[in-house]
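K.L.:
My structure file target-v8.cif, mmCIF, C-alpha atoms and all ligand atoms, is below:
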```
data_structure
loop_
_atom_site.label_atom_id
_atom_site.label_comp_id
_atom_site.auth_asym_id
_atom_site.auth_seq_id
_atom_site.Cartn_x
_atom_site.Cartn_y
_atom_site.Cartn_z
CA MET A 1 141.21 21.42 195.15
CA ARG A 2 141.79 23.43 192.02
CA PHE A 3 140.44 21.93 188.79
CA ALA A 4 140.73 24.83 186.37
CA LYS A 5 144.04 25.15 184.53
CA ASP A 6 146.78 26.95 186.48
CA SER A 7 147.08 29.83 184.04
CA ALA A 8 143.37 30.70 184.22
CA SER A 9 142.10 33.39 186.57
CA ILE A 10 139.35 32.24 188.94
CA VAL A 11 138.42 35.79 189.93
CA PRO A 12 134.72 36.15 189.00
CA LEU A 13 133.94 38.25 185.93
CA LYS A 14 133.34 41.88 186.82
CA ASP A 15 130.08 42.47 185.09
CA THR A 16 129.86 46.24 184.78
CA VAL A 17 126.67 46.30 182.72
CA PHE A 18 124.26 43.59 183.82
CA ALA A 19 124.70 44.08 187.58
CA VAL A 20 123.92 47.80 187.30
CA ALA A 21 121.09 47.13 184.85
CA ARG A 22 119.56 44.74 187.40
CA ARG A 23 119.74 47.48 190.07
CA ALA A 24 118.08 49.91 187.68
CA LYS A 25 115.25 47.47 187.07
CA GLU A 26 114.68 46.99 190.80
CA ASP A 27 114.73 50.75 191.31
CA MET A 28 112.25 51.19 188.48
CA ALA A 29 109.90 48.65 190.05
CA ALA A 30 110.01 50.61 193.31
CA ASN A 31 110.23 54.19 192.06
CA GLY A 32 108.75 54.15 188.58
CA ASP A 33 109.46 56.44 185.68
CA GLN A 34 111.81 58.86 187.46
CA VAL A 35 114.51 56.16 187.11
CA ILE A 36 116.93 56.67 184.19
CA ASP A 37 118.48 53.46 182.93
CA ALA A 38 121.30 54.29 180.52
CA THR A 39 123.09 50.97 180.91
CA ILE A 40 121.82 48.72 178.13
CA GLY A 41 123.87 48.71 174.94
CA SER A 42 121.04 47.60 172.66
CA LEU A 43 118.54 49.66 170.72
CA ILE A 44 115.43 50.44 172.75
CA SER A 45 112.55 52.33 171.17
CA GLU A 46 110.93 55.49 172.54
CA ASP A 47 108.21 53.39 174.18
CA GLY A 48 110.75 51.26 176.01
CA LYS A 49 110.66 48.18 173.75
CA PHE A 50 113.70 46.17 172.72
CA VAL A 51 114.09 46.78 168.97
CA ALA A 52 113.91 43.64 166.82
CA LEU A 53 113.55 44.78 163.21
CA ASN A 54 110.44 43.48 161.47
CA SER A 55 112.27 43.48 158.16
CA VAL A 56 114.72 40.99 159.68
CA PHE A 57 112.56 38.69 161.76
CA ARG A 58 109.44 38.22 159.61
CA HIS A 59 111.62 36.60 156.98
CA TYR A 60 113.46 34.58 159.61
CA ASP A 61 110.09 33.14 160.69
CA GLU A 62 109.47 31.99 157.13
CA ILE A 63 112.73 30.08 156.80
CA ASP A 64 112.13 26.36 156.35
CA ASP A 65 112.61 24.19 159.45
CA VAL A 66 115.09 22.01 157.61
CA ILE A 67 117.28 25.03 156.88
CA LYS A 68 117.10 26.03 160.53
CA ALA A 69 117.91 22.49 161.62
CA SER A 70 120.79 21.87 159.21
CA TYR A 71 124.47 22.41 159.71
CA ALA A 72 126.03 25.14 157.63
CA SER A 73 127.47 23.99 154.33
CA GLY A 74 131.02 24.91 155.35
CA MET A 75 133.10 25.39 158.51
CA ILE A 76 133.99 28.90 157.42
CA GLY A 77 130.40 29.70 156.49
CA ASN A 78 127.94 29.18 153.66
CA PRO A 79 129.42 30.38 150.35
CA SER A 80 126.45 32.70 149.73
CA TYR A 81 126.91 34.27 153.19
CA ARG A 82 130.67 34.72 152.76
CA LYS A 83 130.15 36.38 149.39
CA GLN A 84 127.36 38.65 150.60
CA VAL A 85 129.24 39.69 153.76
CA TYR A 86 132.17 40.78 151.63
CA SER A 87 129.99 42.81 149.33
CA TRP A 88 128.03 44.30 152.27
CA ILE A 89 131.15 45.33 154.18
CA LEU A 90 132.78 46.91 151.15
CA GLY A 91 129.78 48.75 149.79
CA LYS A 92 131.20 51.09 147.15
CA ALA A 93 134.77 50.74 148.44
CA ASP A 94 137.05 49.40 145.75
CA LEU A 95 139.59 46.98 147.21
CA ALA A 96 142.43 45.46 145.24
CA LEU A 97 143.55 43.15 148.09
CA SER A 98 143.21 39.37 148.39
CA HIS A 99 140.48 38.41 150.79
CA SER A 100 138.67 35.68 152.64
CA VAL A 101 135.58 35.66 154.87
CA ILE A 102 135.21 33.38 157.89
CA ALA A 103 131.74 33.18 159.50
CA THR A 104 132.01 33.66 163.27
CA PRO A 105 129.70 33.73 166.30
CA GLY A 106 129.14 37.49 166.27
CA GLY A 107 131.81 40.14 166.33
CA THR A 108 133.07 38.58 169.55
CA GLY A 109 133.94 35.41 167.66
CA ALA A 110 135.76 37.37 164.96
CA VAL A 111 137.94 39.41 167.32
CA SER A 112 138.58 36.49 169.59
CA ALA A 113 139.43 34.02 166.80
CA ALA A 114 141.84 36.55 165.32
CA MET A 115 143.66 37.09 168.63
CA MET A 116 143.84 33.34 169.14
CA SER A 117 144.95 32.53 165.60
CA PHE A 118 147.62 35.20 165.15
CA LEU A 119 149.33 35.33 168.54
CA ASP A 120 151.12 32.69 170.59
CA GLU A 121 150.52 32.43 174.33
CA GLY A 122 152.57 34.96 176.26
CA GLN A 123 152.65 37.43 173.38
CA THR A 124 151.14 40.89 173.46
CA VAL A 125 148.01 42.30 171.85
CA ILE A 126 147.51 46.05 171.50
CA VAL A 127 144.11 47.43 172.49
CA PRO A 128 142.62 50.89 173.23
CA GLU A 129 142.82 52.06 176.86
CA ILE A 130 139.20 53.18 176.64
CA GLY A 131 137.33 50.42 174.90
CA TRP A 132 135.09 47.41 174.88
CA ILE A 133 135.93 45.44 178.01
CA SER A 134 135.97 42.10 176.15
CA TYR A 135 139.28 42.86 174.41
CA ASP A 136 141.11 42.65 177.74
CA LEU A 137 139.12 39.61 178.78
CA MET A 138 140.00 37.79 175.55
CA ALA A 139 143.67 38.63 176.01
CA ALA A 140 143.64 37.32 179.57
CA GLN A 141 141.74 34.18 178.63
CA TYR A 142 144.21 33.29 175.86
CA ASN A 143 147.24 34.07 178.04
CA LEU A 144 148.13 37.14 176.06
CA LYS A 145 149.41 40.36 177.56
CA ALA A 146 147.45 43.50 176.69
CA LEU A 147 149.26 46.74 175.94
CA HIS A 148 147.02 49.81 175.84
CA TYR A 149 147.37 52.82 173.59
CA GLU A 150 145.91 56.14 174.66
CA LEU A 151 142.82 56.73 172.60
CA PHE A 152 142.76 60.51 172.44
CA ASP A 153 145.19 63.35 172.20
CA GLY A 154 142.80 66.20 172.97
CA ASP A 155 139.87 65.53 170.70
CA ARG A 156 141.74 63.49 168.08
CA PHE A 157 142.88 59.88 167.88
CA ASP A 158 146.27 59.60 169.57
CA LEU A 159 148.39 58.52 166.60
CA ALA A 160 151.66 59.00 168.49
CA SER A 161 150.56 56.72 171.33
CA PHE A 162 149.31 54.12 168.83
CA GLU A 163 152.70 54.04 167.10
CA LYS A 164 154.67 54.09 170.36
CA THR A 165 152.65 51.15 171.69
CA ILE A 166 153.33 49.14 168.54
CA GLN A 167 157.04 49.90 168.87
CA GLU A 168 156.89 48.83 172.52
CA ALA A 169 155.37 45.47 171.55
CA GLN A 170 158.00 45.01 168.84
CA LYS A 171 160.74 45.11 171.46
CA THR A 172 159.73 41.63 172.61
CA GLN A 173 158.04 40.01 169.61
CA ASP A 174 158.20 40.19 165.86
CA ARG A 175 154.47 39.94 165.15
CA VAL A 176 152.07 42.71 166.13
CA VAL A 177 148.29 42.53 166.52
CA ALA A 178 146.50 45.83 167.19
CA VAL A 179 142.78 46.44 167.69
CA ILE A 180 140.96 49.56 166.50
CA ASN A 181 137.22 49.85 167.08
CA ASP A 182 135.93 52.14 164.34
CA PRO A 183 133.55 53.61 163.24
CA CYS A 184 131.15 54.47 166.11
CA HIS A 185 133.64 53.52 168.82
CA ASN A 186 132.29 51.86 171.95
CA PRO A 187 132.07 53.64 174.40
CA THR A 188 132.87 57.14 173.09
CA GLY A 189 131.10 57.32 169.72
CA TYR A 190 134.26 58.54 168.01
CA THR A 191 134.80 57.86 164.30
CA LEU A 192 138.20 58.29 162.70
CA SER A 193 138.55 60.74 159.80
CA SER A 194 140.04 59.51 156.53
CA GLU A 195 143.14 61.61 157.31
CA GLU A 196 143.54 59.72 160.58
CA TRP A 197 143.06 56.41 158.76
CA ALA A 198 145.75 57.39 156.24
CA GLU A 199 148.13 58.10 159.15
CA ILE A 200 147.25 54.80 160.79
CA ILE A 201 148.04 52.92 157.60
CA ALA A 202 151.37 54.73 157.33
CA ILE A 203 152.11 53.66 160.94
CA LEU A 204 151.20 50.04 160.20
CA ASN A 205 153.37 50.05 157.06
CA ARG A 206 156.34 51.50 158.96
CA ALA A 207 155.91 48.89 161.68
CA SER A 208 155.74 46.10 159.08
CA GLU A 209 159.36 46.80 158.12
CA LYS A 210 160.23 45.03 161.39
CA GLY A 211 157.74 42.15 161.19
CA PRO A 212 154.16 41.13 160.31
CA VAL A 213 151.44 43.52 161.46
CA ILE A 214 147.80 42.52 161.87
CA LEU A 215 145.13 45.17 162.32
CA ILE A 216 141.85 43.99 163.84
CA ASN A 217 139.27 46.59 162.82
CA ASP A 218 136.14 46.04 164.92
CA ILE A 219 133.26 47.54 162.92
CA ALA A 220 130.43 46.24 165.13
CA TYR A 221 128.38 49.47 164.91
CA ILE A 222 129.15 50.51 161.32
CA ASP A 223 125.58 50.17 160.06
CA TYR A 224 124.39 52.83 162.53
CA SER A 225 126.73 55.51 161.23
CA PHE A 226 125.12 58.92 160.60
CA HIS A 227 126.95 58.92 157.24
CA LEU A 228 126.05 55.57 155.73
CA SER A 229 126.84 56.64 152.18
CA SER A 230 130.49 57.43 153.02
CA VAL A 231 131.22 55.44 156.18
CA ARG A 232 132.96 52.63 154.24
CA ASP A 233 135.13 54.95 152.12
CA TYR A 234 138.14 54.60 154.42
CA LEU A 235 138.42 50.93 153.47
CA THR A 236 139.77 51.96 150.05
CA LEU A 237 142.81 53.31 151.90
CA PHE A 238 143.64 49.70 152.85
CA ASN A 239 144.87 49.35 149.24
CA GLY A 240 147.93 51.19 150.54
CA PHE A 241 148.93 48.31 152.86
CA SER A 242 152.47 47.06 152.43
CA ASP A 243 153.09 43.32 151.96
CA GLY A 244 153.64 42.98 155.71
CA VAL A 245 150.19 44.18 156.81
CA MET A 246 146.99 42.16 157.14
CA ALA A 247 143.59 43.45 158.25
CA VAL A 248 140.94 41.40 160.00
CA ILE A 249 137.62 43.23 159.85
CA ALA A 250 135.35 42.02 162.65
CA PHE A 251 131.72 42.25 161.54
CA SER A 252 128.63 41.55 163.62
CA THR A 253 125.02 41.00 162.60
CA SER A 254 124.09 41.58 166.27
CA LYS A 255 123.79 45.33 165.72
CA THR A 256 123.48 45.39 161.93
CA LEU A 257 120.34 43.22 162.03
CA THR A 258 119.40 43.72 165.72
CA SER A 259 119.97 39.97 166.07
CA TYR A 260 122.28 39.76 169.06
CA GLY A 261 120.91 36.35 170.02
CA LEU A 262 121.47 34.68 166.66
CA ARG A 263 125.26 34.83 167.14
CA CYS A 264 126.31 35.53 163.60
CA GLY A 265 129.21 37.63 162.35
CA ALA A 266 132.35 37.35 160.27
CA ALA A 267 136.08 37.95 160.12
CA ILE A 268 137.16 39.41 156.78
CA LEU A 269 140.84 38.83 156.06
CA LEU A 270 142.58 41.30 153.74
CA ALA A 271 146.19 41.42 152.55
CA ARG A 272 148.21 41.99 149.42
CA ASN A 273 149.40 38.43 148.92
CA GLU A 274 146.97 35.65 148.15
CA THR A 275 149.09 32.96 149.87
CA ASP A 276 149.20 34.99 153.10
CA VAL A 277 145.39 35.21 153.09
CA ARG A 278 144.99 31.47 152.37
CA ASP A 279 147.41 30.58 155.20
CA ALA A 280 145.51 32.80 157.63
CA GLU A 281 142.21 31.37 156.40
CA THR A 282 143.48 27.82 157.08
CA VAL A 283 144.39 28.71 160.66
CA MET A 284 141.10 30.54 161.21
CA GLU A 285 139.18 27.58 159.78
CA LYS A 286 140.83 25.32 162.35
CA THR A 287 140.09 27.83 165.12
CA ALA A 288 136.45 27.77 163.98
CA ARG A 289 136.25 23.99 163.79
CA ALA A 290 137.90 23.59 167.19
CA GLY A 291 135.91 26.35 168.87
CA TRP A 292 132.33 26.50 167.57
CA SER A 293 132.34 24.15 164.57
CA ASN A 294 129.99 26.15 162.36
CA ILE A 295 127.60 29.09 162.46
CA ALA A 296 123.79 28.87 162.57
CA ASN A 297 122.70 28.08 159.02
CA ALA A 298 119.43 30.04 159.19
CA ALA A 299 121.15 33.12 160.64
CA MET A 300 123.47 33.22 157.63
CA GLU A 301 120.65 32.56 155.16
CA ASN A 302 118.60 35.32 156.76
CA PHE A 303 121.43 37.85 156.48
CA VAL A 304 121.75 37.09 152.78
CA TRP A 305 118.02 37.53 152.16
CA VAL A 306 117.59 40.67 154.28
CA THR A 307 120.54 42.44 152.63
CA THR A 308 119.52 41.49 149.07
CA GLU A 309 115.83 40.84 148.38
CA GLY A 310 114.72 42.49 151.61
CA LYS A 311 117.24 45.31 151.46
CA GLU A 312 114.98 48.23 150.70
CA ALA A 313 112.55 47.56 153.55
CA TYR A 314 115.41 46.75 155.91
CA LEU A 315 117.36 49.95 155.18
CA GLU A 316 114.20 52.00 155.55
CA GLU A 317 113.32 50.47 158.90
CA LYS A 318 116.89 50.71 160.24
CA GLN A 319 117.15 54.34 159.12
CA LYS A 320 114.36 55.27 161.55
CA TYR A 321 116.59 54.14 164.42
CA ILE A 322 119.64 55.92 163.04
CA ASP A 323 117.55 59.09 162.90
CA LEU A 324 116.43 58.43 166.46
CA LEU A 325 120.04 58.00 167.62
CA LYS A 326 120.86 61.30 165.94
CA GLN A 327 117.98 63.08 167.68
CA ARG A 328 118.97 61.61 171.04
CA SER A 329 122.65 62.42 170.66
CA ASP A 330 121.97 65.94 169.34
CA LEU A 331 119.90 66.70 172.41
CA PHE A 332 122.42 65.25 174.87
CA LEU A 333 125.35 67.02 173.17
CA LYS A 334 123.51 70.36 173.08
CA GLU A 335 122.68 70.17 176.76
CA ALA A 336 126.20 68.94 177.59
CA ARG A 337 127.65 71.98 175.84
CA GLU A 338 125.26 74.28 177.71
CA CYS A 339 126.30 72.98 181.12
CA HIS A 340 129.97 72.36 180.22
CA LEU A 341 129.78 68.64 180.85
CA PRO A 342 133.13 67.18 179.73
CA ILE A 343 132.63 64.42 177.19
CA TYR A 344 134.87 62.51 174.80
CA PRO A 345 134.53 63.51 171.14
CA TYR A 346 131.32 61.93 169.89
CA ARG A 347 130.59 61.60 166.19
CA GLU A 348 127.94 58.87 165.96
CA GLY A 349 126.79 55.59 167.43
CA PHE A 350 125.15 54.04 170.47
CA PHE A 351 127.12 55.63 173.33
CA ILE A 352 128.39 58.94 174.68
CA THR A 353 131.03 58.93 177.40
CA ILE A 354 131.67 61.50 180.11
CA ARG A 355 135.34 62.38 180.41
CA GLU A 356 136.89 61.84 183.86
CA LYS A 357 140.46 60.65 183.96
CA ASP A 358 140.54 59.80 187.68
CA ASN A 359 139.02 56.32 188.01
CA ALA A 360 138.39 56.74 191.76
CA MET A 361 136.30 59.79 190.89
CA VAL A 362 134.55 57.81 188.14
CA GLU A 363 133.41 55.29 190.79
CA LYS A 364 132.28 58.07 193.10
CA ILE A 365 130.25 59.83 190.44
CA HIS A 366 128.77 56.55 189.22
CA ASN A 367 127.60 55.68 192.75
CA GLU A 368 126.18 59.14 193.40
CA LEU A 369 124.31 58.98 190.09
CA MET A 370 122.73 55.73 191.27
CA ASN A 371 121.74 57.40 194.55
CA ARG A 372 119.84 59.82 192.32
CA HIS A 373 118.23 57.02 190.25
CA ILE A 374 120.53 57.46 187.24
CA TYR A 375 122.17 54.26 186.04
CA THR A 376 125.22 54.37 183.76
CA VAL A 377 128.25 52.17 183.12
CA THR A 378 131.78 52.87 184.33
CA VAL A 379 134.55 52.53 181.75
CA ASN A 380 138.24 53.30 182.08
CA LYS A 381 138.48 57.08 182.54
CA GLY A 382 134.81 57.70 181.98
CA ILE A 383 131.12 57.07 182.43
CA ARG A 384 129.16 55.59 179.53
CA VAL A 385 125.68 56.83 178.75
CA ALA A 386 123.85 54.43 176.43
CA ILE A 387 121.72 56.79 174.35
CA CYS A 388 120.69 53.76 172.28
CA SER A 389 118.41 52.72 175.12
CA LEU A 390 117.25 56.11 176.50
CA PRO A 391 114.04 57.73 175.29
CA ILE A 392 114.28 61.42 174.43
CA ARG A 393 112.13 62.46 177.38
CA LYS A 394 114.73 60.90 179.71
CA ILE A 395 117.65 62.52 177.92
CA GLN A 396 116.09 65.94 178.49
CA GLY A 397 117.94 67.51 181.43
CA LEU A 398 120.22 64.48 181.92
CA ALA A 399 123.50 66.26 181.07
CA ALA A 400 122.77 68.92 183.70
CA LYS A 401 121.94 66.27 186.30
CA ILE A 402 125.25 64.50 185.62
CA ARG A 403 127.10 67.81 185.75
CA GLU A 404 125.53 68.53 189.13
CA VAL A 405 126.65 65.14 190.45
CA MET A 406 130.19 65.67 189.14
CA ASP A 407 130.39 69.05 190.89
CA PHE A 408 128.94 67.52 194.07
CA CYS A 409 131.49 64.70 194.08
CA ARG A 410 134.43 66.97 193.32
CA LYS A 411 133.45 69.36 196.11
CA GLY A 412 133.87 66.54 198.59
CA GLU A 413 137.51 66.02 197.49
C1 LIG B 1 132.79 47.19 170.34
C2 LIG B 1 132.09 45.91 170.18
N1 LIG B 1 132.61 44.99 169.37
C3 LIG B 1 132.02 43.83 169.16
C4 LIG B 1 130.84 43.51 169.78
C5 LIG B 1 130.31 42.16 169.45
O1 LIG B 1 129.07 41.82 169.65
P1 LIG B 1 128.55 40.41 169.13
O2 LIG B 1 129.50 39.37 169.59
O3 LIG B 1 127.20 40.28 169.71
O4 LIG B 1 128.54 40.49 167.65
C6 LIG B 1 130.25 44.42 170.67
C7 LIG B 1 129.02 44.12 171.40
O5 LIG B 1 128.64 44.70 172.34
C8 LIG B 1 130.89 45.66 170.86
O6 LIG B 1 130.38 46.59 171.67
#
```
Show me the file's structure as structure tokens.

P.N.:
Amino acid sequence: MRFAKDSASIVPLKDTVFAVARRAKEDMAANGDQVIDATIGSLISEDGKFVALNSVFRHYDEIDDVIKASYASGMIGNPSYRKQVYSWILGKADLALSHSVIATPGGTGAVSAAMMSFLDEGQTVIVPEIGWISYDLMAAQYNLKALHYELFDGDRFDLASFEKTIQEAQKTQDRVVAVINDPCHNPTGYTLSSEEWAEIIAILNRASEKGPVILINDIAYIDYSFHLSSVRDYLTLFNGFSDGVMAVIAFSTSKTLTSYGLRCGAAILLARNETDVRDAETVMEKTARAGWSNIANAAMENFVWVTTEGKEAYLEEKQKYIDLLKQRSDLFLKEARECHLPIYPYREGFFITIREKDNAMVEKIHNELMNRHIYTVTVNKGIRVAICSLPIRKIQGLAAKIREVMDFCRKGE
């Protein structure tokens, strides 16, 4: 007997992270410190502890029980949260667009609600071919087709493929939804330059001559950029949107506040025309009400406090981990260069990805790495190394070990 709806896939989720992480843990229990676990996509300190920022959680502990117990004051989020998210996301960027903020359960909720609210079943969403696995899962779950653009042309964003993929989607539908994960792309650590952003906006504007274009910009890792003072500058370029373009910025407090478990984020809607933003807000509000109702009141209140009254201490504490990510990535990149380990262009962020376009070879290398007690995550056309969770002493020599395994696996071909 089949009970699930006919259109749903009953193939179990392929969990590429947790299953390997479990193996790593077992290996560590048996073989100790020689095991290298580069699977976990959360910040782990040099002494192996999961990072939960003090400047975030001490205030959370002080929040009144009644605030924790209460519903939020609005389906699209508490007004103070919506206002503060907007100001936090923009920073110094000066936007002349109409906007709205919808509180969502993490960045996942923002991306997923946008896909669901802007596309009808059977339509196509455009996503990067190397990217966060959930984009494809969301598409499948909402009966959308996913079209993939090639992420890189050499070491630069593949603008031509992005435009071609949009044109491909426009052959069968008038509305286009395209996802870009920037800055600090998962899994490569790439960040677009402002020149690339200007080109992307020109592409979106050209496409909007044929029909509405929605850009979902997933900024989950933005607050770990190595260039915090300028990382939001590209948003000013959004002022150049034509009337036919809307952006949905998907924000997550999971990484920003190291509060993955509090499930708090936001979708920021931006477009030239106020009525277009209000219409989209109405649909998103219904998606929220139908899907999760409202977001944890205390999580929103905490974000507002931490990023205003608690801001100085918070930024100082977070900066230590940004500096740590920089030290870890510098070391890995230096050693990768020395041993000619092919990697995708890394600029900043939690992950570095080894470049291997043959997915059968990716599997082979991944398995051989595990034989040698090195645990990583396979992605399309690559192997992800989570430097966010690897202490420096375990990064030392890692690039050379991976290079050795790649050579070993290729020799057997
Ligand atoms: C690229 C990317 N976007 C969004 C998210 C959303 O995370 P959350 O739903 O916890 O905010 C993640 C989390 O891993 C991610 O890697």

K.L.:
Please return as number ranges by chain the residues found within 9 Å of ligand LIG 1 (chain B), counting only C-alpha atoms and all ligand atoms.

P.N.:
A: 41-42, 104-111, 131-135, 181-182, 184-187, 218-221, 250-255, 259-266

K.L.:
Residues near Glu317 (chain A), anyone? I mean within 9 Å using all atoms listed in the file, not counting same-chain ones fewer than 3 positions away, as a list in words.

P.N.:
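Here the qualifying residues turn out to be Leu53, Asn54, Ser55, Glu312, Ala313, Tyr314, Lys320 and Tyr321 of chain A.
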
K.L.:
Once you have the residues from the selection above, write them out as a short mmCIF file (atom, residue, chain, number, x, y, z; two decimals), in the coordinates of the input, restricted to C-alpha atoms.

P.N.:
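Result saved to selection-v2.cif:
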```
data_model
loop_
_atom_site.label_atom_id
_atom_site.label_comp_id
_atom_site.auth_asym_id
_atom_site.auth_seq_id
_atom_site.Cartn_x
_atom_site.Cartn_y
_atom_site.Cartn_z
CA LEU A 53 113.55 44.78 163.21
CA ASN A 54 110.44 43.48 161.47
CA SER A 55 112.27 43.48 158.16
CA GLU A 312 114.98 48.23 150.70
CA ALA A 313 112.55 47.56 153.55
CA TYR A 314 115.41 46.75 155.91
CA LYS A 320 114.36 55.27 161.55
CA TYR A 321 116.59 54.14 164.42
#
```

K.L.:
For CA of Lys364 (chain A) and CA of Ile395 (chain A), determine how far apart the two atoms are, in Å to one decimal place.

P.N.:
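Atom-to-atom, CA of Lys364 (chain A) to CA of Ile395 (chain A), that is 21.5 Å.
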
K.L.:
Could you check the closest approach to Thr236 (chain A) for each of A:Lys210, A:Lys25, A:Lys394, A:Lys92 and tell me which residue wins, using all atoms listed in the file?

P.N.:
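Of A:Lys210, A:Lys25, A:Lys394, A:Lys92, the one nearest Thr236 (chain A) is A:Lys92, counting all atoms listed in the file.
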
K.L.:
Any idea what's packed within 9 Å of region 348-361 of chain A, counting all atoms listed in the file, ignoring anything in its chain fewer than 2 positions away? Could you give it as a PyMOL selection string?

P.N.:
chain A and resi 41-43+183-191+221-222+224-227+322+325-326+329+332-333+341-346+363-366+378-389+402+406+409-410

K.L.:
Please report the interatomic distance between CA of Asn294 (chain A) and CA of Ser70 (chain A) in Å with one decimal.

P.N.:
10.6 Å

K.L.:
Quote the spacing between CA of Tyr234 (chain A) and CA of Glu281 (chain A) in Å to one decimal place.

P.N.:
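Pair CA of Tyr234 (chain A) / CA of Glu281 (chain A) returns 23.7 Å.
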
K.L.:
Skipping near chain neighbours, those fewer than 6 positions away, what residues fall within 10 Å of Ala113 (chain A) using all atoms listed in the file, listed as a list in words?

P.N.:
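The neighbour list is Ile102, Thr104, Pro105, Gly107, Met138, Ala250, Ala267, Val283, Met284, Glu285, Lys286, Thr287, Ala288 and Gly291 of chain A.
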
K.L.:
Please provide as a list in words all residues within 12 Å of Lys171 (chain A), with the sequence filter that same-chain residues fewer than 4 positions apart are discarded (counting all atoms listed in the file).

P.N.:
Gln123, Thr124, Lys164, Thr165, Ile166, Gln167, Arg175, Val176, Ala207, Lys210 and Gly211 of chain A

K.L.:
From the options A:Ala96, A:Val306, A:Leu228, A:Cys339, which residue's atoms come nearest to Gly240 (chain A), counting all atoms listed in the file?

P.N.:
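Going through A:Ala96, A:Val306, A:Leu228, A:Cys339 one by one, the smallest distance to Gly240 (chain A) is for A:Ala96.
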
K.L.:
When distances are computed from only C-alpha atoms, which of A:Asn205, A:Ser161, A:Thr39, A:Thr258 shows the smallest separation from Arg23 (chain A)?

P.N.:
A:Thr39

K.L.:
Might you pull out every residue within 9 Å of Asp136 (chain A), with only C-alpha atoms counted and same-chain residues fewer than 3 positions away left off, and present them as a list in words?

P.N.:
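These residues fall inside the cut-off: Val127, Trp132, Ile133, Ala139, Ala140, Gln141, Lys145 and Ala146 of chain A.
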
K.L.:
Go through A:Ile40, A:Ala298, A:Gly154, A:Tyr142 one by one, measure the shortest atom-to-atom distance of each to Ala114 (chain A) using all atoms listed in the file, and give the residue with the smallest value.

P.N.:
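With all atoms listed in the file as the atom set, the closest residue is A:Tyr142.
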
K.L.:
Can you put N, CA and C atoms back into region 107-120 of chain A and show it as a PDB file, in the frame of the given file?

P.N.:
```pdb
ATOM      1  N   GLY A 107     130.552  39.419 166.397  1.00  0.00           N
ATOM      2  CA  GLY A 107     131.810  40.140 166.330  1.00  0.00           C
ATOM      3  C   GLY A 107     132.776  39.605 167.378  1.00  0.00           C
ATOM      4  N   THR A 108     132.234  39.161 168.491  1.00  0.00           N
ATOM      5  CA  THR A 108     133.070  38.580 169.550  1.00  0.00           C
ATOM      6  C   THR A 108     133.907  37.439 168.977  1.00  0.00           C
ATOM      7  N   GLY A 109     133.247  36.560 168.240  1.00  0.00           N
ATOM      8  CA  GLY A 109     133.940  35.410 167.660  1.00  0.00           C
ATOM      9  C   GLY A 109     135.037  35.840 166.695  1.00  0.00           C
ATOM     10  N   ALA A 110     134.781  36.914 165.945  1.00  0.00           N
ATOM     11  CA  ALA A 110     135.760  37.370 164.960  1.00  0.00           C
ATOM     12  C   ALA A 110     137.007  37.928 165.642  1.00  0.00           C
ATOM     13  N   VAL A 111     136.798  38.795 166.635  1.00  0.00           N
ATOM     14  CA  VAL A 111     137.940  39.410 167.320  1.00  0.00           C
ATOM     15  C   VAL A 111     138.719  38.329 168.070  1.00  0.00           C
ATOM     16  N   SER A 112     137.962  37.492 168.750  1.00  0.00           N
ATOM     17  CA  SER A 112     138.580  36.490 169.590  1.00  0.00           C
ATOM     18  C   SER A 112     139.337  35.441 168.762  1.00  0.00           C
ATOM     19  N   ALA A 113     138.747  35.003 167.649  1.00  0.00           N
ATOM     20  CA  ALA A 113     139.430  34.020 166.800  1.00  0.00           C
ATOM     21  C   ALA A 113     140.695  34.615 166.190  1.00  0.00           C
ATOM     22  N   ALA A 114     140.651  35.910 165.895  1.00  0.00           N
ATOM     23  CA  ALA A 114     141.840  36.550 165.320  1.00  0.00           C
ATOM     24  C   ALA A 114     142.957  36.613 166.366  1.00  0.00           C
ATOM     25  N   MET A 115     142.623  37.038 167.579  1.00  0.00           N
ATOM     26  CA  MET A 115     143.660  37.090 168.630  1.00  0.00           C
ATOM     27  C   MET A 115     144.284  35.717 168.819  1.00  0.00           C
ATOM     28  N   MET A 116     143.412  34.705 168.869  1.00  0.00           N
ATOM     29  CA  MET A 116     143.840  33.340 169.140  1.00  0.00           C
ATOM     30  C   MET A 116     144.660  32.764 167.990  1.00  0.00           C
ATOM     31  N   SER A 117     144.313  33.145 166.771  1.00  0.00           N
ATOM     32  CA  SER A 117     144.950  32.530 165.600  1.00  0.00           C
ATOM     33  C   SER A 117     146.269  33.216 165.222  1.00  0.00           C
ATOM     34  N   PHE A 118     146.428  34.472 165.617  1.00  0.00           N
ATOM     35  CA  PHE A 118     147.620  35.200 165.150  1.00  0.00           C
ATOM     36  C   PHE A 118     148.704  35.349 166.212  1.00  0.00           C
ATOM     37  N   LEU A 119     148.329  35.144 167.488  1.00  0.00           N
ATOM     38  CA  LEU A 119     149.330  35.330 168.540  1.00  0.00           C
ATOM     39  C   LEU A 119     149.562  34.046 169.325  1.00  0.00           C
ATOM     40  N   ASP A 120     150.804  33.821 169.706  1.00  0.00           N
ATOM     41  CA  ASP A 120     151.120  32.690 170.590  1.00  0.00           C
ATOM     42  C   ASP A 120     150.918  33.113 172.034  1.00  0.00           C
TER      43      ASP A 120
END
```
